[in-house]
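Shown next: model_6.cif, given as mmCIF, C-alpha atoms.
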data_coords
#
loop_
_atom_site.label_atom_id
_atom_site.label_comp_id
_atom_site.auth_asym_id
_atom_site.auth_seq_id
_atom_site.Cartn_x
_atom_site.Cartn_y
_atom_site.Cartn_z
CA MET A 1 -21.77 -18.09 4.27
CA THR A 2 -22.97 -21.37 2.87
CA GLY A 3 -21.69 -23.97 0.49
CA VAL A 4 -18.17 -24.98 -0.26
CA CYS A 5 -15.28 -22.79 0.58
CA ALA A 6 -11.96 -23.62 -0.95
CA LEU A 7 -8.97 -21.91 -2.42
CA SER A 8 -7.15 -23.72 -5.18
CA CYS A 9 -4.06 -22.96 -7.21
CA GLU A 10 -3.72 -24.53 -10.59
CA SER A 11 -0.29 -24.87 -12.20
CA LEU A 12 1.05 -21.55 -10.96
CA ASP A 13 4.24 -20.16 -12.39
CA VAL A 14 5.71 -17.52 -10.16
CA TRP A 15 8.46 -15.13 -11.12
CA ARG A 16 9.98 -12.32 -9.16
CA GLY A 17 11.92 -10.06 -11.46
CA ASP A 18 14.02 -12.43 -13.56
CA ARG A 19 13.97 -15.27 -11.04
CA HIS A 20 11.71 -18.24 -11.52
CA LEU A 21 10.43 -19.01 -8.03
CA CYS A 22 8.12 -21.91 -8.62
CA HIS A 23 7.00 -23.93 -11.52
CA ASN A 24 3.68 -25.67 -12.00
CA LEU A 25 2.58 -25.32 -8.39
CA SER A 26 -0.86 -26.70 -7.57
CA PHE A 27 -2.53 -27.11 -4.23
CA ARG A 28 -5.92 -26.83 -2.69
CA ALA A 29 -7.08 -25.74 0.73
CA ALA A 30 -10.63 -26.35 1.85
CA ALA A 31 -12.68 -25.43 4.90
CA GLY A 32 -11.07 -26.47 8.17
CA GLN A 33 -7.65 -26.88 6.59
CA ALA A 34 -4.37 -25.17 7.34
CA VAL A 35 -1.64 -24.81 4.75
CA ARG A 36 1.85 -23.73 5.64
CA LEU A 37 4.04 -22.21 2.96
CA HIS A 38 7.57 -23.19 3.71
CA GLY A 39 10.82 -22.12 2.15
CA ALA A 40 14.11 -20.38 2.72
CA ASN A 41 14.46 -16.61 2.65
CA GLY A 42 13.83 -15.44 -0.86
CA ALA A 43 12.05 -18.62 -1.88
CA GLY A 44 8.96 -16.64 -2.79
CA LYS A 45 6.61 -17.05 0.16
CA THR A 46 5.58 -13.41 0.18
CA THR A 47 5.26 -13.31 -3.59
CA LEU A 48 3.02 -16.36 -3.50
CA ILE A 49 0.88 -14.95 -0.67
CA ARG A 50 0.39 -11.73 -2.64
CA ILE A 51 -0.68 -13.76 -5.65
CA LEU A 52 -3.11 -15.75 -3.51
CA ALA A 53 -4.54 -12.49 -2.20
CA GLY A 54 -4.99 -11.23 -5.74
CA LEU A 55 -2.59 -8.32 -5.29
CA SER A 56 -0.37 -9.43 -8.14
CA PRO A 57 -1.11 -11.77 -11.04
CA PRO A 58 0.80 -15.03 -11.53
CA GLU A 59 2.90 -15.44 -14.65
CA SER A 60 0.69 -18.32 -15.69
CA GLY A 61 -1.83 -20.61 -14.06
CA ARG A 62 -4.67 -19.42 -11.92
CA VAL A 63 -5.96 -19.07 -8.40
CA CYS A 64 -9.59 -19.95 -7.80
CA TRP A 65 -11.95 -19.26 -4.94
CA ASN A 66 -14.74 -21.84 -4.93
CA GLY A 67 -13.87 -22.70 -8.50
CA GLN A 68 -14.00 -19.12 -9.72
CA PRO A 69 -10.84 -17.31 -10.85
CA LEU A 70 -9.98 -14.47 -8.47
CA ALA A 71 -10.47 -11.76 -11.06
CA LYS A 72 -14.03 -12.95 -11.52
CA ALA A 73 -14.76 -13.66 -7.86
CA GLY A 74 -13.69 -10.07 -7.10
CA GLU A 75 -15.67 -8.57 -4.29
CA VAL A 76 -17.06 -11.95 -3.18
CA TYR A 77 -13.50 -13.12 -2.59
CA ARG A 78 -12.37 -9.94 -0.88
CA ARG A 79 -15.29 -10.27 1.52
CA GLU A 80 -14.01 -13.72 2.52
CA LEU A 81 -10.38 -12.69 2.86
CA ALA A 82 -8.52 -11.41 5.89
CA PHE A 83 -4.96 -10.50 4.94
CA LEU A 84 -2.01 -9.89 7.19
CA GLY A 85 0.99 -8.78 5.21
CA HIS A 86 4.59 -8.04 6.08
CA SER A 87 3.60 -4.58 7.25
CA ASN A 88 0.92 -4.24 9.86
CA GLY A 89 -1.26 -1.76 7.99
CA LEU A 90 -1.58 0.45 11.05
CA LYS A 91 -1.42 4.21 10.92
CA PRO A 92 1.28 5.25 13.43
CA ASN A 93 -0.61 8.46 14.26
CA LEU A 94 -3.84 6.71 15.16
CA THR A 95 -4.66 4.59 18.19
CA PRO A 96 -5.45 0.87 17.83
CA THR A 97 -9.15 1.65 18.33
CA GLU A 98 -9.14 4.28 15.57
CA ASN A 99 -7.17 2.02 13.26
CA LEU A 100 -9.49 -0.91 13.77
CA THR A 101 -12.60 1.26 13.44
CA ALA A 102 -11.41 2.41 10.02
CA TYR A 103 -10.59 -1.18 9.10
CA SER A 104 -13.95 -2.53 10.11
CA SER A 105 -15.72 0.15 8.10
CA MET A 106 -13.86 -1.10 5.03
CA MET A 107 -14.74 -4.73 5.77
CA GLY A 108 -18.16 -4.40 4.19
CA ALA A 109 -19.77 -6.13 7.16
CA SER A 110 -20.25 -5.33 10.81
CA PRO A 111 -17.41 -6.55 13.06
CA VAL A 112 -17.82 -10.00 14.54
CA MET A 113 -16.97 -8.74 18.03
CA PRO A 114 -16.49 -5.32 19.61
CA ILE A 115 -13.06 -3.83 18.95
CA ARG A 116 -12.45 -3.63 22.69
CA ASP A 117 -12.91 -7.40 23.05
CA ALA A 118 -10.67 -8.18 20.09
CA LEU A 119 -7.88 -6.05 21.56
CA ALA A 120 -8.39 -7.71 24.94
CA ARG A 121 -8.15 -11.17 23.38
CA LEU A 122 -4.80 -10.19 21.87
CA GLY A 123 -3.66 -8.80 25.21
CA VAL A 124 -3.29 -5.18 24.10
CA ALA A 125 -6.48 -3.76 25.61
CA GLU A 126 -4.62 -1.34 27.86
CA LEU A 127 -2.96 0.24 24.79
CA ALA A 128 -6.25 1.03 23.09
CA HIS A 129 -5.79 4.78 23.39
CA ARG A 130 -2.11 5.12 22.64
CA ALA A 131 -0.77 6.01 19.22
CA CYS A 132 0.32 2.86 17.38
CA GLY A 133 3.62 4.50 16.47
CA SER A 134 4.64 4.60 20.13
CA MET A 135 4.02 0.88 20.67
CA SER A 136 6.60 -1.89 20.38
CA MET A 137 6.77 -4.00 17.21
CA GLY A 138 5.23 -6.96 19.02
CA GLN A 139 2.37 -4.88 20.34
CA GLN A 140 1.74 -3.52 16.85
CA ARG A 141 1.72 -7.04 15.46
CA ARG A 142 -0.83 -8.08 18.08
CA THR A 143 -3.00 -5.09 17.17
CA ALA A 144 -2.81 -6.06 13.51
CA LEU A 145 -3.78 -9.64 14.41
CA ALA A 146 -6.87 -8.28 16.19
CA ARG A 147 -8.20 -7.53 12.69
CA LEU A 148 -8.62 -11.26 12.13
CA LEU A 149 -11.05 -11.43 15.02
CA LEU A 150 -13.15 -8.52 13.76
CA SER A 151 -13.49 -9.83 10.25
CA PRO A 152 -16.12 -12.41 9.31
CA ALA A 153 -13.75 -13.61 6.57
CA ARG A 154 -13.26 -17.36 6.29
CA LEU A 155 -9.86 -17.31 4.61
CA TRP A 156 -6.91 -16.01 6.57
CA LEU A 157 -3.79 -15.24 4.54
CA LEU A 158 -0.93 -14.59 6.92
CA ASP A 159 2.53 -13.58 5.81
CA GLU A 160 5.07 -14.29 8.57
CA PRO A 161 2.47 -13.79 11.31
CA LEU A 162 5.00 -14.67 14.02
CA THR A 163 7.29 -11.73 13.33
CA SER A 164 8.01 -9.82 16.56
CA LEU A 165 5.65 -11.94 18.63
CA ASP A 166 6.85 -13.23 22.00
CA VAL A 167 6.34 -16.81 23.20
CA SER A 168 2.89 -16.14 24.62
CA GLY A 169 1.95 -14.27 21.46
CA VAL A 170 2.91 -17.28 19.34
CA ALA A 171 0.81 -19.59 21.55
CA LEU A 172 -2.08 -17.14 21.32
CA LEU A 173 -1.90 -17.05 17.55
CA ALA A 174 -1.83 -20.86 17.44
CA ASP A 175 -5.03 -20.85 19.53
CA LEU A 176 -6.69 -18.32 17.26
CA ILE A 177 -5.80 -20.36 14.18
CA LYS A 178 -7.06 -23.58 15.75
CA SER A 179 -10.41 -22.08 16.73
CA HIS A 180 -10.76 -20.47 13.30
CA LEU A 181 -10.17 -23.84 11.66
CA GLY A 182 -12.67 -25.39 14.07
CA ARG A 183 -15.30 -22.95 12.85
CA GLY A 184 -14.72 -24.11 9.29
CA GLY A 185 -12.31 -21.40 8.32
CA LEU A 186 -9.16 -21.93 6.35
CA VAL A 187 -5.74 -20.56 7.04
CA ILE A 188 -2.78 -20.22 4.74
CA PHE A 189 0.33 -18.94 6.40
CA ALA A 190 3.95 -18.45 5.44
CA THR A 191 6.52 -18.89 8.13
CA HIS A 192 9.95 -20.37 8.61
CA GLN A 193 9.56 -20.62 12.36
CA PRO A 194 7.70 -23.64 13.72
CA LEU A 195 4.11 -23.01 14.77
CA ASP A 196 2.66 -25.76 16.95
CA LEU A 197 -0.97 -26.35 16.11
CA GLY A 198 -1.25 -29.48 18.27
CA SER A 199 -3.26 -32.28 16.72
CA GLN A 200 -4.39 -30.08 13.84
CA ARG A 201 -3.18 -31.41 10.50
CA VAL A 202 -1.13 -28.89 8.56
CA ASP A 203 -0.32 -29.35 4.91
CA THR A 204 3.02 -27.97 3.91
CA VAL A 205 3.80 -26.48 0.55
CA THR A 206 7.52 -26.22 0.10
CA LEU A 207 8.82 -23.60 -2.24
CA GLY A 208 11.98 -24.42 -4.13
CA GLY A 209 15.41 -23.61 -2.78
CA THR A 210 17.33 -20.55 -3.77
CA ALA A 211 19.21 -22.44 -6.44
CA MET S 1 -23.50 0.32 4.22
CA MET S 2 -21.90 2.87 1.88
CA ASP S 3 -22.95 5.71 4.20
CA GLY S 4 -21.09 4.17 7.10
CA VAL S 5 -18.00 3.60 5.01
CA PHE S 6 -18.03 7.17 3.77
CA GLY S 7 -18.37 8.68 7.22
CA ALA S 8 -15.81 6.41 8.84
CA LEU S 9 -13.16 6.95 6.16
CA VAL S 10 -13.64 10.71 6.05
CA ARG S 11 -13.27 10.72 9.81
CA ARG S 12 -10.11 8.66 9.70
CA ASP S 13 -8.54 10.86 7.04
CA LEU S 14 -9.44 14.02 8.96
CA GLN S 15 -8.03 12.54 12.18
CA LEU S 16 -4.82 11.67 10.37
CA ALA S 17 -4.58 15.13 8.88
CA TYR S 18 -5.20 16.75 12.25
CA ARG S 19 -2.35 14.81 13.82
CA ARG S 20 -0.03 15.90 11.04
CA ARG S 21 -1.37 19.44 10.82
CA GLY S 22 2.10 20.93 10.43
CA GLU S 23 2.42 19.14 7.12
CA MET S 24 -1.09 20.08 6.08
CA VAL S 25 -0.61 23.86 6.24
CA THR S 26 2.44 23.78 3.94
CA PRO S 27 0.42 24.24 0.71
CA LEU S 28 -1.45 27.16 2.23
CA MET S 29 1.74 28.85 3.40
CA PHE S 30 3.23 28.26 -0.02
CA PHE S 31 0.22 29.92 -1.68
CA ILE S 32 0.47 32.95 0.60
CA MET S 33 4.23 33.30 0.10
CA VAL S 34 4.15 33.07 -3.69
CA THR S 35 1.32 35.58 -4.13
CA ALA S 36 2.88 37.94 -1.59
CA LEU S 37 6.22 37.90 -3.41
CA PHE S 38 4.81 39.35 -6.64
CA PRO S 39 3.99 42.88 -5.40
CA LEU S 40 7.45 42.92 -3.84
CA GLY S 41 9.24 41.82 -6.97
CA LEU S 42 7.20 43.83 -9.45
CA ASN S 43 6.40 47.49 -9.70
CA PRO S 44 3.78 48.06 -6.92
CA ASP S 45 1.55 49.96 -9.32
CA PRO S 46 -2.10 48.95 -8.59
CA ALA S 47 -3.08 49.01 -12.27
CA LEU S 48 -0.29 46.60 -13.19
CA LEU S 49 -0.93 44.31 -10.22
CA ARG S 50 -4.65 44.24 -11.00
CA THR S 51 -4.06 42.91 -14.52
CA LEU S 52 -1.56 40.33 -13.28
CA ALA S 53 -3.65 39.21 -10.31
CA PRO S 54 -5.75 36.48 -12.03
CA GLY S 55 -2.68 34.78 -13.46
CA VAL S 56 -0.63 35.11 -10.27
CA ILE S 57 -3.35 33.74 -8.01
CA TRP S 58 -4.17 30.88 -10.35
CA VAL S 59 -0.56 29.84 -10.89
CA ALA S 60 0.09 30.03 -7.15
CA ALA S 61 -3.02 27.92 -6.44
CA LEU S 62 -1.89 25.42 -9.07
CA LEU S 63 1.58 25.08 -7.56
CA ALA S 64 0.18 24.94 -4.03
CA GLY S 65 -1.99 22.05 -5.18
CA VAL S 66 1.08 20.08 -6.21
CA VAL S 67 2.96 20.71 -2.95
CA GLY S 68 2.47 17.77 -0.65
CA LEU S 69 0.69 15.65 -3.24
CA GLU S 70 3.47 13.12 -3.14
CA SER S 71 2.45 12.09 0.36
CA LEU S 72 -1.18 11.47 -0.62
CA PHE S 73 -0.81 7.68 -0.75
CA LYS S 74 2.84 7.36 0.29
CA SER S 75 2.27 6.55 3.95
CA ASP S 76 -0.45 4.04 3.05
CA TYR S 77 1.99 2.37 0.73
CA GLU S 78 4.71 2.26 3.35
CA ASP S 79 2.69 1.07 6.36
CA GLY S 80 0.69 -1.55 4.47
CA SER S 81 -2.68 0.22 4.69
CA LEU S 82 -2.79 0.40 0.92
CA GLU S 83 -2.89 -3.40 0.68
CA LEU S 84 -5.85 -3.43 3.04
CA MET S 85 -7.56 -0.76 0.95
CA VAL S 86 -7.06 -2.75 -2.24
CA LEU S 87 -8.20 -6.00 -0.61
CA SER S 88 -11.27 -4.42 0.97
CA PRO S 89 -14.67 -5.35 -0.48
CA VAL S 90 -15.45 -1.62 -0.63
CA PRO S 91 -14.58 -0.41 -4.14
CA LEU S 92 -11.08 1.07 -4.24
CA GLU S 93 -12.45 3.86 -6.42
CA LEU S 94 -14.68 5.01 -3.57
CA ILE S 95 -11.90 4.81 -0.97
CA ALA S 96 -9.58 6.78 -3.25
CA LEU S 97 -12.24 9.39 -3.99
CA ILE S 98 -12.84 9.91 -0.27
CA ARG S 99 -9.12 10.35 0.26
CA VAL S 100 -8.89 12.97 -2.49
CA LEU S 101 -11.95 14.85 -1.26
CA THR S 102 -10.64 15.07 2.30
CA HIS S 103 -7.26 16.11 0.94
CA TRP S 104 -8.97 18.90 -1.00
CA LEU S 105 -10.98 19.94 2.07
CA ILE S 106 -7.78 20.28 4.05
CA THR S 107 -5.41 21.78 1.49
CA GLY S 108 -7.50 23.11 -1.40
CA LEU S 109 -10.41 24.76 0.36
CA PRO S 110 -8.22 26.97 2.63
CA VAL S 111 -6.47 28.27 -0.50
CA VAL S 112 -9.84 29.19 -2.02
CA ILE S 113 -10.93 30.85 1.21
CA LEU S 114 -7.74 32.87 1.41
CA ALA S 115 -7.77 33.88 -2.25
CA PRO S 116 -9.86 37.08 -1.74
CA LEU S 117 -7.34 38.29 0.81
CA MET S 118 -4.46 37.70 -1.59
CA GLY S 119 -6.59 39.33 -4.30
CA MET S 120 -6.86 42.46 -2.21
CA LEU S 121 -3.09 42.45 -1.80
CA LEU S 122 -2.85 42.53 -5.60
CA ALA S 123 -5.45 45.30 -5.89
CA PHE S 124 -7.98 42.93 -7.42
CA PRO S 125 -11.40 44.66 -7.31
CA ALA S 126 -14.15 43.26 -5.08
CA SER S 127 -16.58 43.31 -8.01
CA ALA S 128 -14.68 40.51 -9.79
CA MET S 129 -13.92 38.55 -6.62
CA GLY S 130 -17.00 36.33 -6.98
CA THR S 131 -15.80 35.01 -10.33
CA LEU S 132 -12.31 34.37 -9.00
CA LEU S 133 -13.76 32.40 -6.08
CA THR S 134 -16.18 30.40 -8.22
CA GLY S 135 -13.40 29.56 -10.65
CA LEU S 136 -11.10 28.39 -7.87
CA LEU S 137 -13.89 26.36 -6.25
CA LEU S 138 -14.43 24.54 -9.54
CA GLY S 139 -10.76 24.30 -10.52
CA THR S 140 -8.89 23.28 -7.39
CA PRO S 141 -10.75 19.94 -6.96
CA VAL S 142 -9.75 19.11 -10.53
CA LEU S 143 -6.11 19.73 -9.58
CA SER S 144 -6.46 17.45 -6.56
CA LEU S 145 -8.02 14.69 -8.66
CA LEU S 146 -5.43 14.93 -11.44
CA GLY S 147 -2.68 15.08 -8.85
CA ALA S 148 -4.00 11.96 -7.17
CA VAL S 149 -3.74 10.04 -10.45
CA GLY S 150 -0.07 10.99 -10.63
CA ALA S 151 0.46 10.25 -6.95
CA ALA S 152 -1.12 6.80 -7.37
CA LEU S 153 1.10 5.98 -10.33
CA THR S 154 4.31 7.10 -8.65
CA VAL S 155 3.61 5.83 -5.12
CA GLY S 156 5.96 2.87 -5.56
CA LEU S 157 8.88 4.97 -6.72
CA ARG S 158 11.42 5.92 -4.13
CA ARG S 159 12.06 9.45 -5.28
CA SER S 160 9.06 10.76 -7.11
CA GLY S 161 9.35 14.29 -5.72
CA MET S 162 10.12 16.14 -8.95
CA LEU S 163 8.47 13.66 -11.29
CA LEU S 164 4.99 14.32 -9.98
CA PRO S 165 4.73 18.05 -10.86
CA LEU S 166 6.21 17.28 -14.28
CA LEU S 167 3.48 14.70 -14.85
CA ILE S 168 0.56 16.72 -13.56
CA LEU S 169 1.15 20.35 -14.43
CA PRO S 170 0.78 19.86 -18.21
CA LEU S 171 -2.58 18.17 -17.58
CA ALA S 172 -3.67 21.09 -15.46
CA VAL S 173 -3.11 23.64 -18.23
CA PRO S 174 -6.76 23.74 -19.40
CA VAL S 175 -7.89 24.47 -15.85
CA LEU S 176 -5.35 27.27 -15.61
CA ILE S 177 -6.41 28.78 -18.95
CA PHE S 178 -10.14 28.81 -18.24
CA GLY S 179 -9.70 29.76 -14.60
CA ALA S 180 -7.36 32.69 -15.10
CA ARG S 181 -9.28 33.74 -18.17
CA SER S 182 -12.60 33.89 -16.30
CA ALA S 183 -11.08 36.13 -13.62
CA ALA S 184 -9.50 38.37 -16.26
CA MET S 185 -12.82 38.63 -18.11
CA ALA S 186 -14.61 39.55 -14.88
CA LEU S 187 -11.98 42.23 -14.39
CA ALA S 188 -12.78 43.63 -17.83
CA GLY S 189 -16.50 43.46 -17.11
CA ASP S 190 -17.25 40.74 -19.69
CA ASP S 191 -19.68 37.85 -19.38
CA VAL S 192 -17.83 35.04 -17.58
CA SER S 193 -20.32 32.19 -17.92
CA GLY S 194 -18.42 30.56 -20.81
CA PRO S 195 -15.13 29.73 -19.03
CA LEU S 196 -16.94 28.93 -15.79
CA TYR S 197 -19.20 26.41 -17.53
CA LEU S 198 -16.15 24.83 -19.10
CA LEU S 199 -14.45 24.61 -15.71
CA GLY S 200 -17.59 22.95 -14.38
CA ALA S 201 -17.56 20.49 -17.26
CA ILE S 202 -13.89 19.65 -16.62
CA LEU S 203 -14.70 19.09 -12.94
CA ALA S 204 -17.59 16.77 -13.81
CA LEU S 205 -15.37 14.84 -16.19
CA THR S 206 -12.47 14.38 -13.78
CA LEU S 207 -14.77 13.63 -10.86
CA THR S 208 -16.27 10.72 -12.77
CA LEU S 209 -13.16 9.37 -14.49
CA ALA S 210 -10.27 10.11 -12.13
CA PRO S 211 -11.35 7.65 -9.40
CA PHE S 212 -10.94 4.79 -11.88
CA ALA S 213 -7.54 6.03 -12.96
CA ILE S 214 -6.44 6.49 -9.34
CA ALA S 215 -7.61 2.98 -8.38
CA GLY S 216 -5.91 1.52 -11.46
CA GLY S 217 -2.69 3.35 -10.60
CA LEU S 218 -2.75 2.09 -7.03
CA ARG S 219 -3.32 -1.51 -8.13
CA VAL S 220 -0.47 -1.35 -10.61
CA SER S 221 1.81 0.19 -7.99
CA LEU S 222 1.11 -2.72 -5.63
CA GLU S 223 1.66 -5.46 -8.17
CA ASN S 224 5.27 -6.17 -7.33
#
Output the structure of this file as structure tokens.
Amino acid sequence: MTGVCALSCESLDVWRGDRHLCHNLSFRAAAGQAVRLHGANGAGKTTLIRILAGLSPPESGRVCWNGQPLAKAGEVYRRELAFLGHSNGLKPNLTPTENLTAYSSMMGASPVMPIRDALARLGVAELAHRACGSMSMGQQRRTALARLLLSPARLWLLDEPLTSLDVSGVALLADLIKSHLGRGGLVIFATHQPLDLGSQRVDTVTLGGTA
Amino acid sequence: MMDGVFGALVRRDLQLAYRRRGEMVTPLMFFIMVTALFPLGLNPDPALLRTLAPGVIWVAALLAGVVGLESLFKSDYEDGSLELMVLSPVPLELIALIRVLTHWLITGLPVVILAPLMGMLLAFPASAMGTLLTGLLLGTPVLSLLGAVGAALTVGLRRSGMLLPLLILPLAVPVLIFGARSAAMALAGDDVSGPLYLLGAILALTLTLAPFAIAGGLRVSLEN
């Protein structure tokens, strides 16, 4: 956990199907920095997030973690990455505790805090022993966000993290992001709703219109 | 670290299977039904049934192995767990192998355990039962592994139901040939080590190579 920690995109070309979503996109996010991906529905936020995570390859250009292309950084990168996608990644038949236990075993490191505390921080402690499938969408989203607290990863990649969250949930997430940035983490999130991070500087990357 | 991962993931998969146990017994019921239908449909002459038994049991085990394979990675794909698996620092090959092994424990092993009973129904002699069991123990994991490769490749398709058996069954033909052959040879009182060794070799080969194919299939399926 030493040295520089930065994610950079170099002249990315992103296509989805036959649509050219962005051309020659370059940006860089370093420790303590927040980057917001902004754009209308269908502008390619999710596609870009998946490319940044290394799930799909860009048409051209490259994504680097600490100067190393993702394909090469491999496991080192995945150790530093906490990903929250469109879906929550929770098994509906398992309880939050069981889900998070399985997640932390796949993290490759011991959890930063006990699962109980992470659930309590997200305000879903009393649901710890209920099946995730019987919880509301907002409660499931909160449980999925608890993963961020368990993981020692420095890079948070969040795709529409505010989906289904209520007002207090949004404020809570803003707090979590701010304290993560304060610890030298970096956060890249895609959202079209405003997320107030107070005095924290947020760089915005705007993805082209739907034209 | 790997020990902890192994234990935790096996436990999760077993928990999941237990909560969907209705779904998990389908292959077993299928195996029982298919083998039980043969004495009813054919002439119930013990001599005839005995000669057909190896083929019937092996084909039924093969088809039972394909039932329910489609769901192997489907729910992970749909609820987003698959993304977490791919993005985990733990090798995807290992995670996939654990999934296949627990799947075999839950659906394949019961078929093997029940095979002697179905053998008796088909007048298969107890003296050859050991070979039948050994063959199935070596062969059914191969079916699970091959099936998982197909399941990984088709996980992104909306309706892969019929495609999967069409993809996998041809690949499973060698297992069927050596498996059924070993049981038939045991029935005739011949030395069965040849086909059993070959089954073992096929198992070793798929066990080492299939995890890479499964992981590759899963990554490709997630790419768009």
Determine, for each residue of chain S having at least one atom at most 7 Å from an atom of chain A, the closest pair of atoms and their separation in Å to one decimal, counting only C-alpha atoms; order by chain and ascending number, as a tab-separated table.
residue	atom	partner	partner_atom	distance
S:Gly4	CA	A:Ser105	CA	6.8
S:Val5	CA	A:Ser105	CA	5.2
S:Ala8	CA	A:Ala102	CA	6.1
S:Leu9	CA	A:Ala102	CA	6.2
S:Arg12	CA	A:Ala102	CA	6.4
S:Leu16	CA	A:Asn93	CA	6.6
S:Arg19	CA	A:Asn93	CA	6.6
S:Asp79	CA	A:Gly89	CA	5.1
S:Gly80	CA	A:Gly89	CA	4.0
S:Ser81	CA	A:Gly89	CA	4.1
S:Leu84	CA	A:Gly89	CA	7.0
S:Leu87	CA	A:Arg78	CA	5.7
S:Ser88	CA	A:Met106	CA	5.8
S:Pro89	CA	A:Glu75	CA	5.1
S:Val90	CA	A:Met106	CA	5.9
S:Leu222	CA	A:Leu55	CA	6.7
S:Glu223	CA	A:Ser56	CA	4.5
S:Asn224	CA	A:Ser56	CA	6.6
Near segment 192-209 of chain A, counting all atoms listed in the file, which residues have an atom at most 6 Å away, once you skip same-chain residues fewer than 4 positions from it, shown as a PDB file with C-alpha atoms, keeping the file's coordinate frame?
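The resulting out-v4.pdb:
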ATOM      1  CA  ALA A  34      -4.370 -25.170   7.340  1.00  0.00           C
ATOM      2  CA  VAL A  35      -1.640 -24.810   4.750  1.00  0.00           C
ATOM      3  CA  ARG A  36       1.850 -23.730   5.640  1.00  0.00           C
ATOM      4  CA  LEU A  37       4.040 -22.210   2.960  1.00  0.00           C
ATOM      5  CA  HIS A  38       7.570 -23.190   3.710  1.00  0.00           C
ATOM      6  CA  GLY A  39      10.820 -22.120   2.150  1.00  0.00           C
ATOM      7  CA  ALA A  43      12.050 -18.620  -1.880  1.00  0.00           C
ATOM      8  CA  ALA A 174      -1.830 -20.860  17.440  1.00  0.00           C
TER       9      ALA A 174
END
Output of the PyMOL selection byres ((chain A and resi 177-184) around 9), listed as an NGL selection string: :A and (5 or 30-34 or 154 or 156 or 172-176 or 185-187 or 197-198 or 200)
For Leu7 of chain A: contacts at 6 Å, only C-alpha atoms, fewer than 6 positions along chain excluded, given as a VMD selection string: chain A and resid 28 to 29 64 to 65
Given the PyMOL selection byres ((chain S and resi 179-194) around 9), the residues it picks as a ChimeraX atom specification: /S:50-59,124-125,127-133,135-136,138-139,174-178,195-199
Given the PyMOL selection byres ((chain A and resi 67) around 10), the residues it picks as a ChimeraX atom specification: /A:4-9,63-66,68-70,73
Residues just named, written with C-alpha atoms as an mmCIF file, in the frame of the given file:
data_model
loop_
_atom_site.group_PDB
_atom_site.id
_atom_site.type_symbol
_atom_site.label_atom_id
_atom_site.label_comp_id
_atom_site.auth_asym_id
_atom_site.auth_seq_id
_atom_site.Cartn_x
_atom_site.Cartn_y
_atom_site.Cartn_z
ATOM 1 C CA VAL A 4 -18.170 -24.980 -0.260
ATOM 2 C CA CYS A 5 -15.280 -22.790 0.580
ATOM 3 C CA ALA A 6 -11.960 -23.620 -0.950
ATOM 4 C CA LEU A 7 -8.970 -21.910 -2.420
ATOM 5 C CA SER A 8 -7.150 -23.720 -5.180
ATOM 6 C CA CYS A 9 -4.060 -22.960 -7.210
ATOM 7 C CA VAL A 63 -5.960 -19.070 -8.400
ATOM 8 C CA CYS A 64 -9.590 -19.950 -7.800
ATOM 9 C CA TRP A 65 -11.950 -19.260 -4.940
ATOM 10 C CA ASN A 66 -14.740 -21.840 -4.930
ATOM 11 C CA GLN A 68 -14.000 -19.120 -9.720
ATOM 12 C CA PRO A 69 -10.840 -17.310 -10.850
ATOM 13 C CA LEU A 70 -9.980 -14.470 -8.470
ATOM 14 C CA ALA A 73 -14.760 -13.660 -7.860
#
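For the pair atom CA of Leu28 of chain S and atom CA of Pro110 of chain S, the separation is 6.8 Å.
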One-decimal distance in Å that lies between atom CA of Ala201 of chain S and atom CA of Gly65 of chain S: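 That distance, rounded to one decimal, is 19.8 Å.
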Surrounding residues of segment 29-41 of chain S excluding itself and chain neighbours under 6 positions, 9 Å, only C-alpha atoms, as a PyMOL selection string: chain S and resi 49+53+56-57+60-65+67+111+114-115+118-119+121-122
Taking C-alpha atoms for each residue, export the selection above as an mmCIF file, in the frame of the given file.
data_model
loop_
_atom_site.group_PDB
_atom_site.id
_atom_site.type_symbol
_atom_site.label_atom_id
_atom_site.label_comp_id
_atom_site.auth_asym_id
_atom_site.auth_seq_id
_atom_site.Cartn_x
_atom_site.Cartn_y
_atom_site.Cartn_z
ATOM 1 C CA LEU S 49 -0.930 44.310 -10.220
ATOM 2 C CA ALA S 53 -3.650 39.210 -10.310
ATOM 3 C CA VAL S 56 -0.630 35.110 -10.270
ATOM 4 C CA ILE S 57 -3.350 33.740 -8.010
ATOM 5 C CA ALA S 60 0.090 30.030 -7.150
ATOM 6 C CA ALA S 61 -3.020 27.920 -6.440
ATOM 7 C CA LEU S 62 -1.890 25.420 -9.070
ATOM 8 C CA LEU S 63 1.580 25.080 -7.560
ATOM 9 C CA ALA S 64 0.180 24.940 -4.030
ATOM 10 C CA GLY S 65 -1.990 22.050 -5.180
ATOM 11 C CA VAL S 67 2.960 20.710 -2.950
ATOM 12 C CA VAL S 111 -6.470 28.270 -0.500
ATOM 13 C CA LEU S 114 -7.740 32.870 1.410
ATOM 14 C CA ALA S 115 -7.770 33.880 -2.250
ATOM 15 C CA MET S 118 -4.460 37.700 -1.590
ATOM 16 C CA GLY S 119 -6.590 39.330 -4.300
ATOM 17 C CA LEU S 121 -3.090 42.450 -1.800
ATOM 18 C CA LEU S 122 -2.850 42.530 -5.600
#
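You will find atom CA of Val14 of chain A at 14.0 Å from atom CA of Phe27 of chain A.
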Counting only C-alpha atoms, the residue of S:Gly200, S:Gly108, S:Gly22, S:Gly150 that sits nearest Gly217 of chain S: S:Gly150
